[in-house]
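> As input, take structure.txt (compact mmCIF, C-alpha atoms):
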```txt
# COMPACT_ATOMS: atom_id res chain seq x y z
CA MET A 1173 10.94 15.59 51.94
CA THR A 1174 9.54 18.57 50.04
CA VAL A 1175 9.42 19.01 46.27
CA ARG A 1176 12.27 21.52 46.52
CA GLU A 1177 14.42 19.12 48.52
CA ALA A 1178 13.65 16.27 46.14
CA LEU A 1179 14.68 18.38 43.16
CA MET A 1180 17.92 19.37 44.86
CA MET A 1181 18.66 15.73 45.62
CA GLY A 1182 17.88 14.73 42.04
CA ARG A 1183 20.06 17.45 40.55
CA LYS A 1184 22.95 16.41 42.77
CA LYS A 1185 22.68 12.72 41.87
CA LEU A 1186 22.35 13.39 38.15
CA THR A 1187 25.21 15.89 38.15
CA GLU A 1188 27.46 13.37 39.85
CA ALA A 1189 26.40 10.75 37.28
CA GLY A 1190 27.37 13.09 34.44
CA ALA A 1191 23.87 13.79 33.10
CA GLU A 1192 23.86 16.53 30.48
CA ASN A 1193 20.74 18.30 31.79
CA PRO A 1194 20.41 17.43 35.50
CA VAL A 1195 18.03 20.30 36.33
CA LEU A 1196 15.55 19.60 33.55
CA ASP A 1197 15.81 15.84 33.95
CA SER A 1198 15.07 15.95 37.68
CA GLU A 1199 12.07 18.21 37.10
CA LEU A 1200 10.64 15.99 34.36
CA ILE A 1201 11.11 12.83 36.40
CA LEU A 1202 9.62 14.26 39.60
CA GLY A 1203 6.77 15.81 37.62
CA HIS A 1204 6.05 12.38 36.21
CA VAL A 1205 6.01 10.81 39.68
CA LEU A 1206 3.66 13.50 41.03
CA ALA A 1207 1.59 13.79 37.82
CA LYS A 1208 2.30 17.53 37.63
CA ASP A 1209 3.69 19.70 34.86
CA ARG A 1210 6.87 21.65 35.49
CA LEU A 1211 5.07 24.91 36.24
CA LYS A 1212 2.90 23.38 38.97
CA LEU A 1213 5.89 21.52 40.30
CA LEU A 1214 8.02 24.64 40.67
CA THR A 1215 5.24 26.84 42.03
CA HIS A 1216 4.29 24.31 44.71
CA ASP A 1217 7.76 23.29 45.82
CA GLU A 1218 6.92 23.33 49.54
CA GLU A 1219 4.58 20.37 49.21
CA ASN A 1220 5.66 17.17 50.91
CA LEU A 1221 6.18 13.88 49.12
CA THR A 1222 4.85 10.61 50.48
CA GLN A 1223 7.31 7.82 51.21
CA GLN A 1224 6.00 5.93 48.20
CA GLN A 1225 6.61 8.94 45.94
CA ILE A 1226 10.14 9.37 47.29
CA GLU A 1227 10.93 5.71 46.63
CA CYS A 1228 9.50 5.87 43.12
CA TYR A 1229 11.43 9.07 42.34
CA ASP A 1230 14.65 7.57 43.66
CA LYS A 1231 14.16 4.43 41.57
CA LEU A 1232 13.69 6.49 38.40
CA LEU A 1233 16.71 8.64 39.21
CA VAL A 1234 18.79 5.47 39.38
CA GLN A 1235 17.64 4.60 35.87
CA ARG A 1236 18.61 8.06 34.62
CA CYS A 1237 22.00 7.76 36.32
CA GLN A 1238 22.44 4.58 34.28
CA SER A 1239 21.91 6.61 31.08
CA VAL A 1240 18.35 5.49 30.38
CA PRO A 1241 16.84 8.38 28.36
CA VAL A 1242 14.30 10.51 30.22
CA ALA A 1243 11.68 9.90 27.53
CA TYR A 1244 11.87 6.15 28.19
CA ILE A 1245 11.65 6.71 31.94
CA ILE A 1246 8.57 8.93 31.86
CA GLY A 1247 7.05 7.38 28.73
CA ARG A 1248 6.55 10.56 26.77
CA LYS A 1249 8.27 13.25 24.74
CA GLU A 1250 7.10 16.65 23.52
CA PHE A 1251 7.47 17.24 19.79
CA TYR A 1252 6.13 20.16 17.75
CA GLY A 1253 4.02 21.27 20.73
CA LEU A 1254 2.39 17.85 21.08
CA ASN A 1255 2.90 15.08 23.64
CA PHE A 1256 3.87 11.67 22.31
CA TYR A 1257 3.90 8.27 23.97
CA ILE A 1258 7.42 6.78 23.85
CA LYS A 1259 8.84 3.44 24.96
CA PRO A 1260 12.16 1.61 24.59
CA GLY A 1261 12.55 0.29 21.07
CA VAL A 1262 11.54 3.45 19.23
CA LEU A 1263 13.73 6.42 18.41
CA ILE A 1264 13.05 9.44 20.62
CA PRO A 1265 11.90 12.45 18.55
CA ARG A 1266 14.52 15.22 18.37
CA PRO A 1267 13.83 18.97 18.38
CA GLU A 1268 15.78 19.35 15.12
CA THR A 1269 13.36 16.97 13.40
CA GLU A 1270 10.67 19.60 13.90
CA PHE A 1271 12.24 21.37 10.91
CA VAL A 1272 11.11 18.44 8.74
CA VAL A 1273 7.53 19.02 9.87
CA GLU A 1274 7.82 22.78 9.37
CA GLU A 1275 9.17 22.43 5.84
CA ALA A 1276 6.53 19.86 4.91
CA LEU A 1277 3.76 22.13 6.19
CA ASN A 1278 5.16 25.04 4.18
CA VAL A 1279 5.08 22.93 1.02
CA ILE A 1280 1.57 21.49 1.48
CA ARG A 1281 -0.12 24.58 2.88
CA PRO A 1282 -1.46 25.75 -0.52
CA ILE A 1283 -2.48 22.21 -1.54
CA GLU A 1284 -6.13 21.47 -0.86
CA ASN A 1285 -5.85 17.76 -0.11
CA PRO A 1286 -2.16 16.91 0.17
CA VAL A 1287 -0.95 13.32 0.24
CA ILE A 1288 2.27 12.64 2.14
CA ALA A 1289 4.56 9.63 2.48
CA ASP A 1290 6.45 9.22 5.77
CA LEU A 1291 9.19 6.61 5.53
CA CYS A 1292 10.55 5.18 8.81
CA PHE A 1293 7.68 6.56 10.89
CA GLY A 1294 9.04 5.42 14.29
CA SER A 1295 6.88 6.92 17.03
CA GLY A 1296 4.65 8.54 14.42
CA ALA A 1297 5.68 12.02 15.56
CA ILE A 1298 6.25 13.48 12.07
CA SER A 1299 3.08 11.98 10.59
CA VAL A 1300 0.88 13.04 13.50
CA ALA A 1301 2.33 16.56 13.71
CA ILE A 1302 1.65 17.10 10.01
CA ALA A 1303 -1.90 15.74 10.24
CA VAL A 1304 -2.73 17.78 13.34
CA ASN A 1305 -1.49 20.98 11.72
CA HIS A 1306 -3.08 20.47 8.30
CA SER A 1307 -6.68 19.34 8.64
CA ARG A 1308 -6.92 17.92 5.10
CA ALA A 1309 -3.53 16.21 4.89
CA LYS A 1310 -3.44 12.44 4.50
CA VAL A 1311 -0.27 10.62 5.51
CA TYR A 1312 0.77 7.13 4.46
CA ALA A 1313 3.58 5.94 6.72
CA SER A 1314 5.87 2.91 6.55
CA ASP A 1315 8.18 1.19 9.03
CA LEU A 1316 9.57 -2.30 9.62
CA SER A 1317 9.43 -2.25 13.42
CA ASP A 1318 6.61 -3.94 15.36
CA ILE A 1319 7.33 -1.73 18.37
CA ALA A 1320 7.15 1.39 16.19
CA TRP A 1321 3.81 0.18 14.86
CA GLU A 1322 2.42 -0.21 18.39
CA VAL A 1323 3.71 3.17 19.59
CA ALA A 1324 2.63 5.06 16.47
CA LYS A 1325 -0.87 3.54 16.65
CA THR A 1326 -1.18 4.80 20.22
CA ASN A 1327 -0.07 8.30 19.24
CA ILE A 1328 -2.34 8.43 16.21
CA LYS A 1329 -5.33 7.51 18.36
CA ALA A 1330 -4.36 9.93 21.13
CA HIS A 1331 -4.30 12.83 18.66
CA ARG A 1332 -7.46 11.66 16.85
CA VAL A 1333 -6.02 11.43 13.36
CA GLU A 1334 -6.78 7.74 12.74
CA ASP A 1335 -8.63 8.58 9.53
CA ARG A 1336 -5.72 10.58 8.09
CA VAL A 1337 -2.56 8.76 9.20
CA LEU A 1338 -2.41 5.23 7.82
CA LEU A 1339 0.38 2.85 8.78
CA PHE A 1340 2.00 0.24 6.55
CA ARG A 1341 4.45 -2.41 7.69
CA GLY A 1342 7.41 -2.63 5.34
CA ASP A 1343 10.74 -1.23 4.21
CA LEU A 1344 10.75 2.37 2.95
CA TRP A 1345 8.80 2.51 -0.36
CA SER A 1346 7.99 -1.21 -0.57
CA PRO A 1347 4.45 -1.03 0.94
CA PHE A 1348 3.46 1.48 -1.74
CA GLU A 1349 4.72 -0.46 -4.76
CA CYS A 1350 1.29 -1.97 -5.41
CA GLY A 1351 0.25 1.41 -6.82
CA ASN A 1352 -3.12 1.50 -5.06
CA ILE A 1353 -2.39 4.71 -3.18
CA GLY A 1354 -1.35 6.91 -6.08
CA GLU A 1355 1.32 9.58 -6.13
CA PHE A 1356 2.52 11.74 -3.25
CA ASP A 1357 2.85 15.50 -2.99
CA VAL A 1358 5.63 15.23 -0.42
CA VAL A 1359 7.86 12.57 1.09
CA VAL A 1360 9.24 13.07 4.60
CA SER A 1361 11.59 10.83 6.52
CA ASN A 1362 13.93 10.68 9.47
CA PRO A 1363 15.89 7.57 8.49
CA PRO A 1364 18.96 6.09 10.20
CA TYR A 1365 21.85 8.45 9.51
CA ILE A 1366 24.79 7.52 11.75
CA PRO A 1367 27.75 5.87 9.97
CA THR A 1368 28.19 2.32 11.28
CA GLY A 1369 31.74 3.02 12.40
CA GLU A 1370 30.63 5.95 14.55
CA LEU A 1371 27.91 4.15 16.53
CA PHE A 1372 30.35 3.28 19.32
CA THR A 1373 31.15 7.00 19.80
CA LEU A 1374 27.57 8.00 20.56
CA PRO A 1375 26.58 9.24 24.05
CA LYS A 1376 25.44 6.50 26.43
CA ASP A 1377 21.85 7.79 26.31
CA VAL A 1378 21.71 7.43 22.54
CA LYS A 1379 23.23 3.95 22.69
CA ASN A 1380 20.10 2.92 24.62
CA GLU A 1381 17.97 3.75 21.58
CA PRO A 1382 17.35 1.12 18.87
CA GLN A 1383 20.37 0.56 16.64
CA ILE A 1384 18.09 -0.15 13.69
CA ALA A 1385 16.91 3.47 13.88
CA LEU A 1386 20.47 4.84 14.03
CA ASN A 1387 22.69 2.71 11.78
CA GLY A 1388 22.83 4.43 8.41
CA GLY A 1389 25.40 2.15 6.82
CA PRO A 1390 29.10 2.75 6.14
CA ASP A 1391 28.74 6.47 5.38
CA GLY A 1392 25.39 7.15 7.07
CA LEU A 1393 23.69 7.84 3.73
CA GLU A 1394 22.49 4.37 2.76
CA PHE A 1395 18.81 5.06 3.47
CA TYR A 1396 18.90 8.51 1.91
CA ARG A 1397 20.17 7.04 -1.36
CA ARG A 1398 17.47 4.37 -1.34
CA ILE A 1399 14.75 6.93 -0.66
CA VAL A 1400 15.91 9.43 -3.27
CA SER A 1401 16.62 6.87 -5.99
CA LYS A 1402 13.03 5.60 -5.98
CA ALA A 1403 11.26 8.86 -5.15
CA PRO A 1404 10.49 9.75 -8.81
CA GLU A 1405 8.38 6.59 -9.07
CA PHE A 1406 6.09 7.73 -6.26
CA LEU A 1407 6.03 11.54 -6.37
CA LYS A 1408 3.73 13.71 -8.43
CA PRO A 1409 5.45 15.71 -11.21
CA CYS A 1410 5.85 18.69 -8.87
CA GLY A 1411 6.24 16.56 -5.74
CA ARG A 1412 9.04 17.08 -3.25
```
How does this structure look as C-alpha cells?


Amino acid sequence: MTVREALMMGRKKLTEAGAENPVLDSELILGHVLAKDRLKLLTHDEENLTQQQIECYDKLLVQRCQSVPVAYIIGRKEFYGLNFYIKPGVLIPRPETEFVVEEALNVIRPIENPVIADLCFGSGAISVAIAVNHSRAKVYASDLSDIAWEVAKTNIKAHRVEDRVLLFRGDLWSPFECGNIGEFDVVVSNPPYIPTGELFTLPKDVKNEPQIALNGGPDGLEFYRRIVSKAPEFLKPCGR
C-alpha cells in the first residue's frame, strides 16, 4: 500500500465515521506513523508502507473513528506556531486561544520585564507561547491537575523556558496569596467556560477531553467571576 492509497483509505473510513476533518486527520495520523510532516507526506505519496506501518495506521484510524481527538492520538498539537506535547487528561489548545497570547504580547511588549499570571495553565501552551515570544517575560502559572503539571513541565523543558515559566499547584489565585511573588502586569487564563447543562451537547471529540477543564458552572462564568473578583489584589495599578 502506498502513502496515497493509505490516505484515501483513511479519508474514506473517517468520512464514514462522521469525522469533521477526514482529510486533515488522515494526513496527521499517517504523518505521525511515518514520522513525516504533511509536506513530505504529500510530496512522496508513491512510497510504500511496511505491513507494520499499515497495521499501526489502521489501529490509530480506529481510535479516531471512535472520536478520540487527533491530538491525543498523535500526542501533539500546534499552537501559536509551536509544537506542544499533549496527552489525555489535558485540554487540547484551540486556535481561538491564540488571541489570548496575541493580546497579552501586545500589552507587555513595551514593558521591560513583564510579570504574568496564567491561571488554569493546562498544557502550558499560553505560558510557553508568551515566554518564547517575549524574551524577558516571566510567567507564574497555576493549575490543580497533576496531569496538567506533568504535560506543562514537558512543554516548558522542550521550549527551553524553564527559568521563565514557573508552575504552581493550586486553584486559580490561591498559590499566589502568600505575597512572595509580587504584583502582575497581566493575567491570562483559559478557564472552564461551558455551562454544566450544555456539557452533554458537546461533540463526541470534546467529550473525550477532561470535564474539569470544560465545566464552567451553571452559566459557564463561574471561573471568570472568581478570577475577576480577586484580580485587583494581585495586579499592578495599571495591570490588566

> May I have the residues within 6 Å of region 1290-1305 of chain A as a PyMOL selection string, using all atoms listed in the file and disregarding those fewer than 4 positions away in the same chain?

chain A and resi 1262+1309+1313-1315+1320+1323-1324+1344+1359-1361+1363

> Let me make sure I understand: among A:Leu1196, A:Lys1185, A:Ile1280, A:Phe1251, which one has the smallest atom-to-atom distance to Leu1233 (chain A) if we use only C-alpha atoms?

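Among the listed residues, A:Lys1185 lies closest to Leu1233 (chain A).
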
> From the list A:Leu1316, A:Ala1189, A:Ile1288, A:Leu1200, which residue is nearest Val1358 (chain A) when using all atoms listed in the file?

A:Ile1288

> Name the residues in contact with region 1374-1391 of chain A at a cut-off of 6 Å, using only C-alpha atoms, excluding same-chain residues fewer than 3 positions from it; report them as an NGL selection string.

:A and (1239-1241 or 1261 or 1263 or 1364-1368 or 1371 or 1394)

> Go ahead and save the residues from that selection, with C-alpha atoms, as a tab-separated table (two decimals), in the frame of the given file.


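Produced file part.tsv, reproduced below:
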```
chain	number	residue	atom	x	y	z
A	1239	SER	CA	21.91	6.61	31.08
A	1240	VAL	CA	18.35	5.49	30.38
A	1241	PRO	CA	16.84	8.38	28.36
A	1261	GLY	CA	12.55	0.29	21.07
A	1263	LEU	CA	13.73	6.42	18.41
A	1364	PRO	CA	18.96	6.09	10.20
A	1365	TYR	CA	21.85	8.45	9.51
A	1366	ILE	CA	24.79	7.52	11.75
A	1367	PRO	CA	27.75	5.87	9.97
A	1368	THR	CA	28.19	2.32	11.28
A	1371	LEU	CA	27.91	4.15	16.53
A	1394	GLU	CA	22.49	4.37	2.76
```

> When you draw a straight line from CA of Ile1246 (chain A) to CA of His1204 (chain A), how long is it in Å?

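Rounded to one decimal, the two atoms are 6.1 Å apart.
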
> For a quick check of understanding, using only C-alpha atoms, which of A:Glu1177, A:Asp1197, A:Glu1322, A:Glu1250 has the smallest distance to Glu1219 (chain A)?

A:Glu1177

> Give the padded box for region 1206-1215 of chain A as lines of an AutoDock Vina configuration file: axis-aligned, covering all atoms listed in the file, 5 Å on each side, centre and edge lengths in Å to one decimal.


```
center_x = 4.8
center_y = 20.2
center_z = 38.4
size_x = 16.4
size_y = 23.3
size_z = 17.2
```

> Counting all atoms listed in the file, which residue out of A:Asp1217, A:Glu1188, A:Glu1405, A:Glu1370 sits closest to Glu1349 (chain A)?

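Of A:Asp1217, A:Glu1188, A:Glu1405, A:Glu1370, the one nearest Glu1349 (chain A) is A:Glu1405, counting all atoms listed in the file.
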
> Taking all atoms listed in the file into account, which of A:Leu1221, A:Arg1183, A:Val1337, A:Pro1282 comes nearest Lys1325 (chain A)?

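Comparing A:Leu1221, A:Arg1183, A:Val1337, A:Pro1282 against Lys1325 (chain A), the winner is A:Val1337.
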
> Do you know which residues are at most 12 Å from Pro1404 (chain A) counting only C-alpha atoms, after dropping those on the same chain fewer than 2 positions away, and could you put them as a VMD selection string?

chain A and resid 1345 1355 to 1359 1398 to 1402 1406 to 1412

> By how many Å are CA of Arg1236 (chain A) and CA of Lys1212 (chain A) apart?

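Computed distance, CA of Arg1236 (chain A) to CA of Lys1212 (chain A), equals 22.4 Å.
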
> Between CA of Arg1397 (chain A) and CA of Gly1369 (chain A), what is the distance in Å, rounded to a tenth?

18.4 Å

> Using all atoms listed in the file for the distances, tell me which of A:Gly1203, A:Glu1334, A:Thr1187, A:Pro1286 is nearest to Gly1354 (chain A).

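The answer is A:Pro1286, which sits nearest to Gly1354 (chain A).
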